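Below: one structure, written as C-alpha coordinates.
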Amino acid sequence: MEECFVKGFIFSIKEKTDLIRTGRFSLTTQDIKYYIKRYGIYILFISMLIVGLACGTVYAMSADKEMLASLDFLFFTNLDARLSQNVINTFCACFASDFIFLFAVFLLGLTPWGIPVLPFIVFLKGFGTGITAGYLFSVHSLKGIVFYLFVLLPGTFLFCLALILFSSAAFTASGNMFWQIIADKKMGGSSHRYISDFLSRGVSCLVLAFLSAVLDAALWGVFAGNFNF
(Lines give C-alpha, C1' and ligand atoms only; values in the text may rest on other atoms or scores of the structure.)
Protein backbone atom coordinates (compact mmCIF):
# COMPACT_ATOMS: atom_id res chain seq x y z
CA MET A 1 0.00 0.00 0.00
CA GLU A 2 2.87 2.37 0.80
CA GLU A 3 4.42 1.55 -2.59
CA CYS A 4 1.16 2.31 -4.39
CA PHE A 5 0.88 5.65 -2.61
CA VAL A 6 4.46 6.65 -3.44
CA LYS A 7 4.19 5.52 -7.08
CA GLY A 8 0.83 7.22 -7.55
CA PHE A 9 2.05 10.44 -6.00
CA ILE A 10 5.24 10.49 -8.10
CA PHE A 11 3.32 9.68 -11.29
CA SER A 12 0.83 12.46 -10.57
CA ILE A 13 3.62 14.99 -9.99
CA LYS A 14 5.39 13.86 -13.18
CA GLU A 15 2.18 14.26 -15.15
CA LYS A 16 1.69 17.79 -13.84
CA THR A 17 5.34 18.62 -14.54
CA ASP A 18 4.96 17.48 -18.16
CA LEU A 19 1.91 19.70 -18.52
CA ILE A 20 3.84 22.67 -17.14
CA ARG A 21 6.62 22.11 -19.68
CA THR A 22 4.14 22.02 -22.54
CA GLY A 23 2.30 25.08 -21.26
CA ARG A 24 -0.99 23.21 -20.75
CA PHE A 25 -1.00 23.10 -16.96
CA SER A 26 -3.78 24.71 -14.95
CA LEU A 27 -4.60 23.86 -11.36
CA THR A 28 -8.35 23.83 -11.00
CA THR A 29 -10.56 23.63 -7.93
CA GLN A 30 -11.38 20.07 -8.90
CA ASP A 31 -7.67 19.20 -8.91
CA ILE A 32 -7.24 20.69 -5.43
CA LYS A 33 -10.24 18.75 -4.13
CA TYR A 34 -8.86 15.57 -5.68
CA TYR A 35 -5.45 15.95 -4.06
CA ILE A 36 -6.97 16.83 -0.68
CA LYS A 37 -9.32 13.84 -0.85
CA ARG A 38 -6.59 11.42 -1.92
CA TYR A 39 -3.61 12.74 0.03
CA GLY A 40 -5.25 14.91 2.71
CA ILE A 41 -4.33 12.62 5.62
CA TYR A 42 -0.71 12.48 4.52
CA ILE A 43 -0.65 16.26 4.07
CA LEU A 44 -2.07 16.67 7.59
CA PHE A 45 0.66 14.57 9.21
CA ILE A 46 3.45 16.07 7.11
CA SER A 47 2.23 19.53 8.16
CA MET A 48 2.16 18.53 11.82
CA LEU A 49 5.70 17.16 11.53
CA ILE A 50 6.95 20.41 9.97
CA VAL A 51 5.18 22.56 12.59
CA GLY A 52 6.66 20.42 15.36
CA LEU A 53 10.09 20.72 13.75
CA ALA A 54 9.84 24.51 13.71
CA CYS A 55 8.59 24.70 17.32
CA GLY A 56 11.29 22.32 18.55
CA THR A 57 14.03 24.31 16.84
CA VAL A 58 12.86 27.53 18.46
CA TYR A 59 12.52 25.85 21.87
CA ALA A 60 16.05 24.39 21.70
CA MET A 61 17.53 27.87 21.36
CA SER A 62 16.32 28.83 24.86
CA ALA A 63 16.20 25.48 26.71
CA ASP A 64 18.80 24.77 29.41
CA LYS A 65 21.10 21.74 29.28
CA GLU A 66 19.38 19.93 32.18
CA MET A 67 16.01 20.07 30.43
CA LEU A 68 17.50 18.81 27.18
CA ALA A 69 19.23 15.94 29.00
CA SER A 70 15.92 14.87 30.56
CA LEU A 71 14.39 14.51 27.09
CA ASP A 72 17.19 12.31 25.76
CA PHE A 73 15.25 9.05 26.09
CA LEU A 74 12.73 10.17 23.45
CA PHE A 75 14.92 12.57 21.50
CA PHE A 76 18.60 12.95 20.75
CA THR A 77 19.42 15.80 23.17
CA ASN A 78 22.36 14.57 25.27
CA LEU A 79 25.34 14.52 22.93
CA ASP A 80 27.93 13.78 25.64
CA ALA A 81 26.10 10.64 26.79
CA ARG A 82 25.57 9.38 23.26
CA LEU A 83 29.22 9.88 22.33
CA SER A 84 30.25 7.51 25.13
CA GLN A 85 28.04 4.68 23.82
CA ASN A 86 29.09 1.90 21.49
CA VAL A 87 27.26 0.99 18.27
CA ILE A 88 25.00 -1.62 19.92
CA ASN A 89 23.87 0.79 22.63
CA THR A 90 23.23 3.45 20.00
CA PHE A 91 21.06 1.05 18.02
CA CYS A 92 19.10 0.03 21.12
CA ALA A 93 18.55 3.65 22.15
CA CYS A 94 17.37 4.67 18.67
CA PHE A 95 15.07 1.69 18.20
CA ALA A 96 13.58 2.00 21.71
CA SER A 97 12.77 5.67 21.10
CA ASP A 98 11.20 4.95 17.70
CA PHE A 99 9.27 1.95 19.02
CA ILE A 100 7.57 4.11 21.66
CA PHE A 101 6.13 6.35 18.95
CA LEU A 102 5.00 3.44 16.78
CA PHE A 103 3.45 1.63 19.75
CA ALA A 104 1.51 4.77 20.72
CA VAL A 105 0.22 5.08 17.14
CA PHE A 106 -0.67 1.37 17.13
CA LEU A 107 -2.77 1.68 20.29
CA LEU A 108 -4.51 4.82 19.04
CA GLY A 109 -5.31 3.14 15.72
CA LEU A 110 -7.23 0.45 17.58
CA THR A 111 -9.45 2.96 19.40
CA PRO A 112 -12.31 5.14 18.09
CA TRP A 113 -10.87 8.22 19.82
CA GLY A 114 -7.44 8.07 18.23
CA ILE A 115 -8.13 10.67 15.52
CA PRO A 116 -7.57 13.85 17.61
CA VAL A 117 -4.49 12.42 19.35
CA LEU A 118 -2.59 11.01 16.36
CA PRO A 119 -1.57 14.42 14.93
CA PHE A 120 -0.14 15.30 18.34
CA ILE A 121 2.08 12.18 18.25
CA VAL A 122 3.53 13.23 14.89
CA PHE A 123 3.89 16.81 16.15
CA LEU A 124 5.81 15.48 19.16
CA LYS A 125 8.22 13.60 16.90
CA GLY A 126 8.74 16.72 14.82
CA PHE A 127 9.25 18.71 18.01
CA GLY A 128 11.95 16.31 19.17
CA THR A 129 13.64 16.38 15.78
CA GLY A 130 13.62 20.18 15.89
CA ILE A 131 15.08 20.17 19.40
CA THR A 132 17.94 17.98 18.22
CA ALA A 133 18.71 20.14 15.19
CA GLY A 134 18.33 23.40 17.13
CA TYR A 135 20.48 22.15 20.00
CA LEU A 136 23.31 21.05 17.71
CA PHE A 137 23.21 24.36 15.85
CA SER A 138 22.99 26.57 18.94
CA VAL A 139 25.80 24.77 20.80
CA HIS A 140 28.11 23.60 18.00
CA SER A 141 27.20 25.96 15.15
CA LEU A 142 28.15 24.77 11.65
CA LYS A 143 29.87 21.61 12.94
CA GLY A 144 26.66 20.61 14.70
CA ILE A 145 24.60 21.05 11.52
CA VAL A 146 27.06 18.99 9.49
CA PHE A 147 26.94 16.29 12.18
CA TYR A 148 23.15 16.30 12.08
CA LEU A 149 22.96 16.14 8.27
CA PHE A 150 25.45 13.29 7.84
CA VAL A 151 24.92 11.23 11.00
CA LEU A 152 21.39 11.77 12.28
CA LEU A 153 19.21 12.98 9.41
CA PRO A 154 19.19 9.84 7.18
CA GLY A 155 17.84 7.57 9.91
CA THR A 156 15.50 10.28 11.19
CA PHE A 157 14.06 10.83 7.72
CA LEU A 158 13.45 7.11 7.23
CA PHE A 159 11.67 6.80 10.57
CA CYS A 160 9.57 9.94 9.99
CA LEU A 161 8.42 8.41 6.70
CA ALA A 162 7.42 5.24 8.54
CA LEU A 163 5.65 7.25 11.25
CA ILE A 164 3.63 9.28 8.74
CA LEU A 165 2.58 6.18 6.81
CA PHE A 166 1.60 4.30 9.98
CA SER A 167 -0.17 7.32 11.49
CA SER A 168 -2.20 7.71 8.29
CA ALA A 169 -3.24 4.06 8.46
CA ALA A 170 -4.09 4.45 12.16
CA PHE A 171 -6.12 7.59 11.38
CA THR A 172 -8.17 5.67 8.82
CA ALA A 173 -8.66 2.65 11.10
CA SER A 174 -9.66 4.81 14.06
CA GLY A 175 -12.05 6.83 11.89
CA ASN A 176 -13.74 3.72 10.52
CA MET A 177 -14.15 2.37 14.04
CA PHE A 178 -15.61 5.67 15.22
CA TRP A 179 -18.17 5.85 12.42
CA GLN A 180 -19.19 2.26 13.02
CA ILE A 181 -19.94 3.10 16.62
CA ILE A 182 -21.91 6.19 15.58
CA ALA A 183 -23.87 4.13 13.04
CA ASP A 184 -24.38 1.44 15.69
CA LYS A 185 -23.23 -1.35 13.39
CA LYS A 186 -21.75 -4.64 14.43
CA MET A 187 -18.16 -5.44 13.54
CA GLY A 188 -18.41 -7.16 10.19
CA GLY A 189 -16.14 -8.34 7.42
CA SER A 190 -15.24 -4.80 6.34
CA SER A 191 -14.06 -4.03 9.87
CA HIS A 192 -11.81 -7.06 9.88
CA ARG A 193 -10.47 -6.02 6.49
CA TYR A 194 -9.37 -2.50 7.48
CA ILE A 195 -7.97 -3.73 10.81
CA SER A 196 -6.01 -6.36 8.89
CA ASP A 197 -4.70 -3.67 6.54
CA PHE A 198 -3.74 -1.54 9.52
CA LEU A 199 -1.83 -4.39 11.18
CA SER A 200 -0.09 -5.19 7.91
CA ARG A 201 0.98 -1.55 7.57
CA GLY A 202 2.25 -1.70 11.15
CA VAL A 203 4.56 -4.60 10.38
CA SER A 204 5.98 -2.77 7.36
CA CYS A 205 6.56 0.41 9.35
CA LEU A 206 8.16 -1.53 12.19
CA VAL A 207 10.63 -2.94 9.67
CA LEU A 208 11.34 0.61 8.45
CA ALA A 209 11.90 1.71 12.05
CA PHE A 210 14.32 -1.18 12.56
CA LEU A 211 16.21 -0.21 9.40
CA SER A 212 16.34 3.43 10.48
CA ALA A 213 17.89 2.38 13.80
CA VAL A 214 20.42 0.21 11.96
CA LEU A 215 21.24 3.17 9.70
CA ASP A 216 21.59 5.48 12.71
CA ALA A 217 23.95 3.05 14.46
CA ALA A 218 26.00 2.45 11.30
CA LEU A 219 26.44 6.16 10.53
CA TRP A 220 27.17 6.84 14.18
CA GLY A 221 29.87 4.19 14.26
CA VAL A 222 31.47 5.38 11.02
CA PHE A 223 31.29 9.18 11.31
CA ALA A 224 30.71 10.18 14.95
CA GLY A 225 34.36 9.72 15.86
CA ASN A 226 35.34 12.34 13.29
CA PHE A 227 33.53 15.09 15.19
CA ASN A 228 35.22 16.55 18.26
CA PHE A 229 32.60 18.28 20.41
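Identifiers in this document derive from the order of the C-alpha coordinates: chains are assigned A, B, ..., residues are numbered from 1 separately in each chain, and ligands are numbered from 1 in order of occurrence.
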Would you pick out the contacts of stretch 95-106 of chain A at 8 Å or less, using only C-alpha atoms, so that residues sharing its chain but fewer than 5 positions from it are not included, and give the list as a PyMOL selection string? chain A and resi 73-75+118+121+125+159+163+166-167+170+202+206+209-210+213
So which residues touch A:Phe123 within 9 Å, counting only C-alpha atoms, skipping near sequence neighbours fewer than 2 positions away, as JSON, numbers by chain? {"A": [45, 47, 48, 49, 50, 51, 52, 53, 118, 119, 120, 121, 125, 126, 127, 128]}
Nearest to A:Leu152: which of A:Thr129, A:Ser174, A:Ser168, A:Ser138 is it, counting only C-alpha atoms? A:Thr129
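Nearest to A:Leu158 of all the residues A:Ala224, A:Leu208, A:Ala217, A:Ile32 is A:Leu208, based on only C-alpha atoms.
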In Å, rounded to a single decimal, give me how far atom CA of A:Val151 is from atom CA of A:Trp220. 5.9 Å
Of A:Leu136, A:Ile195, A:Val214, A:Val58, the one nearest to A:Cys92 when counting only C-alpha atoms is A:Val214
Just to confirm, what's the straight-line distance from atom CA of A:Leu215 to atom CA of A:Leu153 in Å (one decimal)?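 Between atom CA of A:Leu215 and atom CA of A:Leu153 the gap works out to 10.0 Å.
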One-decimal distance in Å that lies between atom CA of A:Ile164 and atom CA of A:Tyr34: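 Straight-line distance from atom CA of A:Tyr34 to atom CA of A:Ile164 works out to 20.1 Å.
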Nearest residue to A:Ala169 from the set A:Ile88, A:Leu211, A:Leu219, A:Cys205 (distances using only C-alpha atoms):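 Distance minimum relative to A:Ala169 lands on A:Cys205.
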